[in-house]
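All remarks here apply to the structure that follows.
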Amino acid sequence: MLRAILLSLAGMKGAQRLLMGTPGVRRLARRFVAGDTLDEAIDVTRALNARKLKVTLACLGEHVHNEADATRATAAYLAVLERIAATGVDSNISVKPTHLGMEVSDDLFAANLRRVLEKAKEASNFARIDMEDSPFTERTLSVYRALRDGEGFRNVGVVIQAYLYRSADDMHRLAEEGANVRLCKGAYKEPPSVAMPEKKDVDANYIRLADGYLSEPARACGAYLAAATHDDKMIAAVKESAQRHGVPKDGYEFQMLYGVRSATQDQLAADGYRMRVYVPFGSDWYGYLMRRLAERPANLWFMMRNFGRG
Ligand SMILES: Cc1cc2nc3c(=O)[nH]c(=O)nc-3n(C[C@H](O)[C@H](O)[C@H](O)COP(=O)(O)OP(=O)(O)OC[C@H]3O[C@@H](n4cnc5c(N)ncnc54)[C@H](O)[C@@H]3O)c2cc1C
């Protein structure tokens with residue numbers, strides 16, 4: 001119920017204006033966001049790298065409704081790739097389809113993503129396409145395939161959400177194609193016709209999908225799994241699957257969000273696992289923060305306590 005309310009608030013402009021101006025909310029955002037600027041994000045990346053943590057940098061922004069804004073977002077990503085190359089930090093990037101223009105048209109998103117992938121290729125870097133809500137799932141996978149398989153960009157990966165009923169079929173096909181897939185549970189408000197409403201079903205599906213993706217047939221096709229979760233049960237299950245299928249620790253990776261379970265991130269890295277932290281930055285943090293609050297109501301109480309404070 002609370003999750004549904006928070007995810008609805010994520011799309012409301014009035015609530016956005018009110019909450020973004022509230023000091024307690026801004027303070028909470030800073031827990032999950034590296035800062036407003038690329039300089040701050042690079043500083044955070046350096047500090048994470050020093051703890052043996054890899055990074056994926058994300059410029060905050062989504063639901064762009066015109067070509068000019070999508071072009072600006074693309075330019076921001078080109079600057080991120082240049083800075084990663086210039087500083088030598090260990091980071092790739094994550095992009096959102098609606099930030100790069102998918103709500104204007106799939107062609108605009110494809111054109112912008114192509115520019116990003118060309119720049120990433122020059123720097124031997126990699127871009128992951130985040131997955132947004134279900135109206136974009138098929139379109140996102142189509143653009144991904146057009147660029148990867150149609151145009152030969154091998155430096156691109158996608159995300160699959162375990163809560164969607166369709167994901168077993170998607171993972172099966174992506175495994176055959178040798179895709180680099182980030183598997184997450186899914187963060188958006190979805191109808192029960194599309195996504196499993198029960199957490200226990202999502203968890204069971206996550207474990208099933210991860211296991212299939214780490215299996216010998218999938219890996220023989222070149223499939224690579226990035227297991228994005230903060231859930232100890234998922235982490236244990238992924239480790240167990242990898243061991244059972246004989247996948248070495250550098251044959252897959254774990255991913256977590258900046259500001260969430262840092263001690264676990266350090267522990268996984270210390271134990272020799274590949275651990276990548278998703279580091280968002282920029283001033284457009286509202287939708288991102290609302291999804292983080294929906295995942296963990298305890299964060300909401302922190303925000304309420306601070307709501308009126310100056
Ligand atoms: C690297 C990364 C990339 C992602 N990319 C996408 C994407 O492209 N599309 C998409 O739909 N979703 C994405 N997600 C979000 C994901 O779908 C989940 O909503 C989110 O990860 C919470 O699920 P969980 O697996 O951590 O398990 P949960 O069952 O939600 O949480 C397990 C435990 O983790 C801790 N925890 C989880 N979330 C938080 C939080 N916000 N604050 C504090 N503690 C927390 C708590 O201890 C909780 O008990 C991404 C997540 C990660 C880690």
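Residues in the structure tokens are named by chain (A, B, ... in the order shown) and by number from 1 within that chain; ligands are numbered from 1 in the order shown.
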
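Near Lys185 in chain A, within a cut-off of 7 Å and counting only C-alpha atoms, sit the residues A:Gln161, A:Ala162, A:Tyr163, A:Val202, A:Tyr206, with same-chain residues fewer than 3 positions away left out.
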
Within 9 Å of ligand 1 (only C-alpha atoms and all ligand atoms), residues as a PyMOL selection string: chain A and resi 32+56+94-96+128-133+158-163+182-188+199+203+206+226-235+254-261+276-279+289+291-299

Just to be explicit: take each residue in the selection above, keep C-alpha atoms, and write the result as an mmCIF file, in the first residue's frame.
data_model
loop_
_atom_site.group_PDB
_atom_site.id
_atom_site.type_symbol
_atom_site.label_atom_id
_atom_site.label_comp_id
_atom_site.auth_asym_id
_atom_site.auth_seq_id
_atom_site.Cartn_x
_atom_site.Cartn_y
_atom_site.Cartn_z
ATOM 1 C CA PHE A 32 21.488 8.042 -2.337
ATOM 2 C CA THR A 56 28.373 2.538 -12.925
ATOM 3 C CA SER A 94 23.877 3.412 -17.014
ATOM 4 C CA VAL A 95 21.314 5.281 -19.132
ATOM 5 C CA LYS A 96 17.525 5.522 -18.979
ATOM 6 C CA ARG A 128 23.885 -0.396 -19.641
ATOM 7 C CA ILE A 129 20.309 0.494 -20.554
ATOM 8 C CA ASP A 130 18.278 0.674 -17.323
ATOM 9 C CA MET A 131 14.770 -0.761 -17.543
ATOM 10 C CA GLU A 132 11.848 1.532 -16.758
ATOM 11 C CA ASP A 133 8.149 0.652 -16.436
ATOM 12 C CA VAL A 158 20.188 -4.426 -20.623
ATOM 13 C CA VAL A 159 18.206 -4.960 -17.428
ATOM 14 C CA ILE A 160 15.563 -7.580 -16.704
ATOM 15 C CA GLN A 161 13.070 -7.226 -13.850
ATOM 16 C CA ALA A 162 12.193 -10.435 -11.992
ATOM 17 C CA TYR A 163 8.680 -9.164 -11.125
ATOM 18 C CA ARG A 182 21.539 -6.895 -15.003
ATOM 19 C CA LEU A 183 18.874 -8.817 -13.121
ATOM 20 C CA CYS A 184 16.887 -6.811 -10.541
ATOM 21 C CA LYS A 185 13.555 -7.347 -8.799
ATOM 22 C CA GLY A 186 11.879 -4.275 -10.385
ATOM 23 C CA ALA A 187 11.151 -0.844 -8.929
ATOM 24 C CA TYR A 188 8.026 0.527 -10.676
ATOM 25 C CA LYS A 199 7.234 -10.472 -2.954
ATOM 26 C CA ASP A 203 12.088 -13.568 -4.980
ATOM 27 C CA TYR A 206 14.765 -13.906 -9.232
ATOM 28 C CA ALA A 226 25.078 -8.774 -13.096
ATOM 29 C CA ALA A 227 23.003 -9.630 -10.021
ATOM 30 C CA ALA A 228 21.590 -6.331 -8.720
ATOM 31 C CA THR A 229 20.181 -6.817 -5.241
ATOM 32 C CA HIS A 230 20.668 -5.880 -1.587
ATOM 33 C CA ASP A 231 18.834 -8.964 -0.409
ATOM 34 C CA ASP A 232 20.998 -11.454 1.523
ATOM 35 C CA LYS A 233 18.801 -14.339 0.352
ATOM 36 C CA MET A 234 19.279 -13.423 -3.319
ATOM 37 C CA ILE A 235 23.022 -12.925 -2.805
ATOM 38 C CA PHE A 254 26.973 -8.172 -7.902
ATOM 39 C CA GLN A 255 25.534 -4.666 -8.103
ATOM 40 C CA MET A 256 24.077 -2.418 -5.398
ATOM 41 C CA LEU A 257 22.938 1.176 -5.156
ATOM 42 C CA TYR A 258 25.078 3.963 -3.730
ATOM 43 C CA GLY A 259 24.088 4.552 -0.107
ATOM 44 C CA VAL A 260 22.532 1.132 0.429
ATOM 45 C CA ARG A 261 24.259 -1.637 2.420
ATOM 46 C CA ARG A 276 29.699 -2.661 -8.745
ATOM 47 C CA VAL A 277 27.946 0.350 -7.216
ATOM 48 C CA TYR A 278 25.305 2.318 -9.146
ATOM 49 C CA VAL A 279 26.167 5.978 -8.524
ATOM 50 C CA LEU A 289 14.442 9.041 -4.422
ATOM 51 C CA ARG A 291 11.593 4.621 -5.742
ATOM 52 C CA ARG A 292 14.247 4.191 -3.012
ATOM 53 C CA LEU A 293 11.687 5.215 -0.365
ATOM 54 C CA ALA A 294 9.159 2.760 -1.775
ATOM 55 C CA GLU A 295 11.709 -0.033 -1.401
ATOM 56 C CA ARG A 296 12.321 0.701 2.260
ATOM 57 C CA PRO A 297 9.666 2.459 4.357
ATOM 58 C CA ALA A 298 12.252 2.973 7.180
ATOM 59 C CA ASN A 299 13.766 5.643 4.922
#

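Within 9 Å of range 60-77 of chain A, once only C-alpha atoms are used and residues closer than 6 positions along the same chain are dropped, the contacting residues are Val33, Ile93, Val95, Lys96, Pro97, Thr98, His99, Leu100, Gly101, Met102, Glu103, Val104, Leu108, Phe109, Asn112, Leu113, Arg115, Val116, Pro280, Phe281, Gly282, Ser283, Asp284, Trp285, Tyr286, Gly287 and Tyr288 of chain A.
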
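The coordinates place CA of Ala41 in chain A at 16.7 Å from CA of Arg27 in chain A.
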
Please identify the alpha helix (DSSP H) residues within range 205-307 of chain A (assignment by DSSP from backbone atoms) and present them as an MDAnalysis selection string. chainID A and resid 205:214 216:220 232:244 262:270 286:295 297:306

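The space separating CA of Arg166 in chain A from CA of Thr140 in chain A comes to 13.9 Å.
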
I'd like to know which of A:Ala179, A:Ala195, A:Val143, A:Glu190 is closest to Leu7 in chain A, using only C-alpha atoms. A:Glu190

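Residues of range 217-276 of chain A assigned to strand (DSSP E) by DSSP on this structure's backbone: Tyr224, Leu225, Ala226, Ala227, Ala228, Glu253, Phe254, Gln255, Met256, Leu257, Met275 and Arg276 of chain A.
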
Could the residues in this selection be saved with N, CA, C and O atoms as an mmCIF file, in the first residue's frame?
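Written file, out_0.cif:
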data_model
loop_
_atom_site.group_PDB
_atom_site.id
_atom_site.type_symbol
_atom_site.label_atom_id
_atom_site.label_comp_id
_atom_site.auth_asym_id
_atom_site.auth_seq_id
_atom_site.Cartn_x
_atom_site.Cartn_y
_atom_site.Cartn_z
ATOM 1 N N TYR A 224 26.283 -13.094 -19.581
ATOM 2 C CA TYR A 224 26.970 -12.574 -18.385
ATOM 3 C C TYR A 224 25.919 -11.990 -17.451
ATOM 4 O O TYR A 224 25.070 -11.209 -17.873
ATOM 5 N N LEU A 225 25.989 -12.377 -16.178
ATOM 6 C CA LEU A 225 24.993 -11.925 -15.208
ATOM 7 C C LEU A 225 25.553 -10.866 -14.263
ATOM 8 O O LEU A 225 26.616 -11.048 -13.664
ATOM 9 N N ALA A 226 24.817 -9.766 -14.145
ATOM 10 C CA ALA A 226 25.078 -8.774 -13.096
ATOM 11 C C ALA A 226 23.882 -8.855 -12.153
ATOM 12 O O ALA A 226 22.769 -8.460 -12.513
ATOM 13 N N ALA A 227 24.105 -9.409 -10.960
ATOM 14 C CA ALA A 227 23.003 -9.630 -10.021
ATOM 15 C C ALA A 227 22.841 -8.385 -9.153
ATOM 16 O O ALA A 227 23.637 -8.134 -8.257
ATOM 17 N N ALA A 228 21.813 -7.590 -9.450
ATOM 18 C CA ALA A 228 21.590 -6.331 -8.720
ATOM 19 C C ALA A 228 20.591 -6.581 -7.606
ATOM 20 O O ALA A 228 19.399 -6.783 -7.867
ATOM 21 N N GLU A 253 28.868 -10.635 -11.679
ATOM 22 C CA GLU A 253 29.106 -9.572 -10.692
ATOM 23 C C GLU A 253 27.854 -9.290 -9.874
ATOM 24 O O GLU A 253 26.731 -9.613 -10.289
ATOM 25 N N PHE A 254 28.072 -8.698 -8.706
ATOM 26 C CA PHE A 254 26.973 -8.172 -7.902
ATOM 27 C C PHE A 254 26.908 -6.669 -8.126
ATOM 28 O O PHE A 254 27.916 -6.023 -8.399
ATOM 29 N N GLN A 255 25.701 -6.120 -8.006
ATOM 30 C CA GLN A 255 25.534 -4.666 -8.103
ATOM 31 C C GLN A 255 24.611 -4.185 -6.985
ATOM 32 O O GLN A 255 23.631 -4.857 -6.660
ATOM 33 N N MET A 256 24.952 -3.052 -6.404
ATOM 34 C CA MET A 256 24.077 -2.418 -5.398
ATOM 35 C C MET A 256 24.041 -0.919 -5.646
ATOM 36 O O MET A 256 24.867 -0.385 -6.392
ATOM 37 N N LEU A 257 23.093 -0.265 -4.983
ATOM 38 C CA LEU A 257 22.938 1.176 -5.156
ATOM 39 C C LEU A 257 23.819 1.931 -4.172
ATOM 40 O O LEU A 257 24.022 1.488 -3.033
ATOM 41 N N MET A 275 32.102 -6.424 -7.435
ATOM 42 C CA MET A 275 31.023 -5.654 -6.808
ATOM 43 C C MET A 275 30.979 -4.272 -7.460
ATOM 44 O O MET A 275 31.957 -3.539 -7.422
ATOM 45 N N ARG A 276 29.839 -3.960 -8.057
ATOM 46 C CA ARG A 276 29.699 -2.661 -8.745
ATOM 47 C C ARG A 276 28.611 -1.825 -8.071
ATOM 48 O O ARG A 276 27.536 -2.339 -7.767
#

Residue with the minimum atom-to-atom distance to Arg208 in chain A, picked from A:Arg51, A:His172, A:Lys13, A:Arg148 with only C-alpha atoms counted, is A:His172

Mind checking which residues fall within 10 Å of Ala50 in chain A, counting only C-alpha atoms, ignoring those fewer than 5 positions away in the same chain, and posting them as a PyMOL selection string? chain A and resi 44-45+89-90

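Of the residues listed (A:Trp301, A:Tyr273, A:Ile207, A:Thr264), A:Ile207 shows the shortest atom-to-atom separation from Ser241 in chain A; distances use only C-alpha atoms.
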
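The spacing separating CA of Gly35 in chain A from CA of Pro23 in chain A amounts to 15.0 Å.
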
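When only C-alpha atoms are used to compute distances to Glu151 in chain A, the closest of the residues A:Arg31, A:Arg17, A:Arg114, A:Arg244 turns out to be A:Arg114.
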
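With only C-alpha atoms taken into account, the protein and nucleic acid residues at most 10 Å from Arg145 in chain A (excluding it and anything under 6 positions from it in its own chain) are Arg139, Glu151, Gly152, Phe153, Val156, Gly157, Val158, Leu174, Glu177 and Ala179 of chain A.
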
Pull all heavy atoms from the residues just selected and write them as a PDB file, in the first residue's frame.
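File written: part_0.pdb
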ATOM      1  N   ARG A 139       9.943  -2.039 -26.183  1.00  0.00           N
ATOM      2  CA  ARG A 139      10.604  -1.011 -27.009  1.00  0.00           C
ATOM      3  C   ARG A 139      12.085  -0.907 -26.655  1.00  0.00           C
ATOM      4  O   ARG A 139      12.947  -0.752 -27.529  1.00  0.00           O
ATOM      5  CB  ARG A 139       9.897   0.335 -26.816  1.00  0.00           C
ATOM      6  CG  ARG A 139       8.475   0.321 -27.361  1.00  0.00           C
ATOM      7  CD  ARG A 139       7.655   1.478 -26.830  1.00  0.00           C
ATOM      8  NE  ARG A 139       8.226   2.770 -27.197  1.00  0.00           N
ATOM      9  CZ  ARG A 139       7.745   3.936 -26.762  1.00  0.00           C
ATOM     10  NH1 ARG A 139       6.698   3.965 -25.950  1.00  0.00           N
ATOM     11  NH2 ARG A 139       8.305   5.062 -27.148  1.00  0.00           N
ATOM     12  N   GLU A 151      23.607  -3.401 -35.464  1.00  0.00           N
ATOM     13  CA  GLU A 151      24.709  -2.495 -35.814  1.00  0.00           C
ATOM     14  C   GLU A 151      26.047  -2.928 -35.233  1.00  0.00           C
ATOM     15  O   GLU A 151      27.066  -2.271 -35.469  1.00  0.00           O
ATOM     16  CB  GLU A 151      24.375  -1.065 -35.357  1.00  0.00           C
ATOM     17  CG  GLU A 151      23.121  -0.523 -36.037  1.00  0.00           C
ATOM     18  CD  GLU A 151      22.831   0.929 -35.670  1.00  0.00           C
ATOM     19  OE1 GLU A 151      23.766   1.678 -35.342  1.00  0.00           O
ATOM     20  OE2 GLU A 151      21.650   1.303 -35.714  1.00  0.00           O
ATOM     21  N   GLY A 152      26.041  -3.999 -34.457  1.00  0.00           N
ATOM     22  CA  GLY A 152      27.312  -4.581 -33.998  1.00  0.00           C
ATOM     23  C   GLY A 152      27.947  -3.953 -32.772  1.00  0.00           C
ATOM     24  O   GLY A 152      29.122  -4.178 -32.504  1.00  0.00           O
ATOM     25  N   PHE A 153      27.178  -3.145 -32.006  1.00  0.00           N
ATOM     26  CA  PHE A 153      27.736  -2.624 -30.751  1.00  0.00           C
ATOM     27  C   PHE A 153      27.722  -3.741 -29.704  1.00  0.00           C
ATOM     28  O   PHE A 153      26.653  -4.183 -29.287  1.00  0.00           O
ATOM     29  CB  PHE A 153      26.902  -1.437 -30.233  1.00  0.00           C
ATOM     30  CG  PHE A 153      27.108  -0.179 -31.015  1.00  0.00           C
ATOM     31  CD1 PHE A 153      26.167   0.239 -31.942  1.00  0.00           C
ATOM     32  CD2 PHE A 153      28.253   0.585 -30.835  1.00  0.00           C
ATOM     33  CE1 PHE A 153      26.356   1.401 -32.678  1.00  0.00           C
ATOM     34  CE2 PHE A 153      28.456   1.751 -31.570  1.00  0.00           C
ATOM     35  CZ  PHE A 153      27.504   2.154 -32.489  1.00  0.00           C
ATOM     36  N   VAL A 156      27.128  -2.987 -24.983  1.00  0.00           N
ATOM     37  CA  VAL A 156      25.855  -2.534 -24.421  1.00  0.00           C
ATOM     38  C   VAL A 156      25.164  -3.708 -23.731  1.00  0.00           C
ATOM     39  O   VAL A 156      25.252  -4.850 -24.189  1.00  0.00           O
ATOM     40  CB  VAL A 156      24.950  -1.903 -25.521  1.00  0.00           C
ATOM     41  CG1 VAL A 156      24.623  -2.878 -26.634  1.00  0.00           C
ATOM     42  CG2 VAL A 156      23.678  -1.321 -24.923  1.00  0.00           C
ATOM     43  N   GLY A 157      24.514  -3.405 -22.602  1.00  0.00           N
ATOM     44  CA  GLY A 157      23.773  -4.431 -21.882  1.00  0.00           C
ATOM     45  C   GLY A 157      22.405  -3.909 -21.487  1.00  0.00           C
ATOM     46  O   GLY A 157      22.120  -2.714 -21.622  1.00  0.00           O
ATOM     47  N   VAL A 158      21.553  -4.817 -21.010  1.00  0.00           N
ATOM     48  CA  VAL A 158      20.188  -4.426 -20.623  1.00  0.00           C
ATOM     49  C   VAL A 158      19.888  -4.864 -19.194  1.00  0.00           C
ATOM     50  O   VAL A 158      20.732  -5.453 -18.518  1.00  0.00           O
ATOM     51  CB  VAL A 158      19.111  -5.050 -21.559  1.00  0.00           C
ATOM     52  CG1 VAL A 158      18.936  -4.245 -22.803  1.00  0.00           C
ATOM     53  CG2 VAL A 158      19.393  -6.497 -21.830  1.00  0.00           C
ATOM     54  N   LEU A 174      17.674 -13.769 -24.294  1.00  0.00           N
ATOM     55  CA  LEU A 174      18.902 -12.984 -24.100  1.00  0.00           C
ATOM     56  C   LEU A 174      20.098 -13.902 -23.839  1.00  0.00           C
ATOM     57  O   LEU A 174      21.218 -13.621 -24.278  1.00  0.00           O
ATOM     58  CB  LEU A 174      18.722 -11.980 -22.956  1.00  0.00           C
ATOM     59  CG  LEU A 174      17.816 -10.786 -23.289  1.00  0.00           C
ATOM     60  CD1 LEU A 174      17.338 -10.084 -22.026  1.00  0.00           C
ATOM     61  CD2 LEU A 174      18.537  -9.794 -24.217  1.00  0.00           C
ATOM     62  N   GLU A 177      21.384 -15.116 -26.983  1.00  0.00           N
ATOM     63  CA  GLU A 177      22.073 -14.044 -27.717  1.00  0.00           C
ATOM     64  C   GLU A 177      23.397 -13.648 -27.045  1.00  0.00           C
ATOM     65  O   GLU A 177      24.107 -12.781 -27.545  1.00  0.00           O
ATOM     66  CB  GLU A 177      21.156 -12.804 -27.787  1.00  0.00           C
ATOM     67  CG  GLU A 177      19.908 -13.044 -28.624  1.00  0.00           C
ATOM     68  CD  GLU A 177      18.827 -11.985 -28.411  1.00  0.00           C
ATOM     69  OE1 GLU A 177      19.034 -11.041 -27.624  1.00  0.00           O
ATOM     70  OE2 GLU A 177      17.769 -12.109 -29.047  1.00  0.00           O
ATOM     71  N   ALA A 179      23.807 -12.129 -24.038  1.00  0.00           N
ATOM     72  CA  ALA A 179      23.697 -10.740 -23.552  1.00  0.00           C
ATOM     73  C   ALA A 179      24.284 -10.569 -22.155  1.00  0.00           C
ATOM     74  O   ALA A 179      24.326 -11.497 -21.353  1.00  0.00           O
ATOM     75  CB  ALA A 179      22.219 -10.334 -23.515  1.00  0.00           C
TER      76      ALA A 179
END
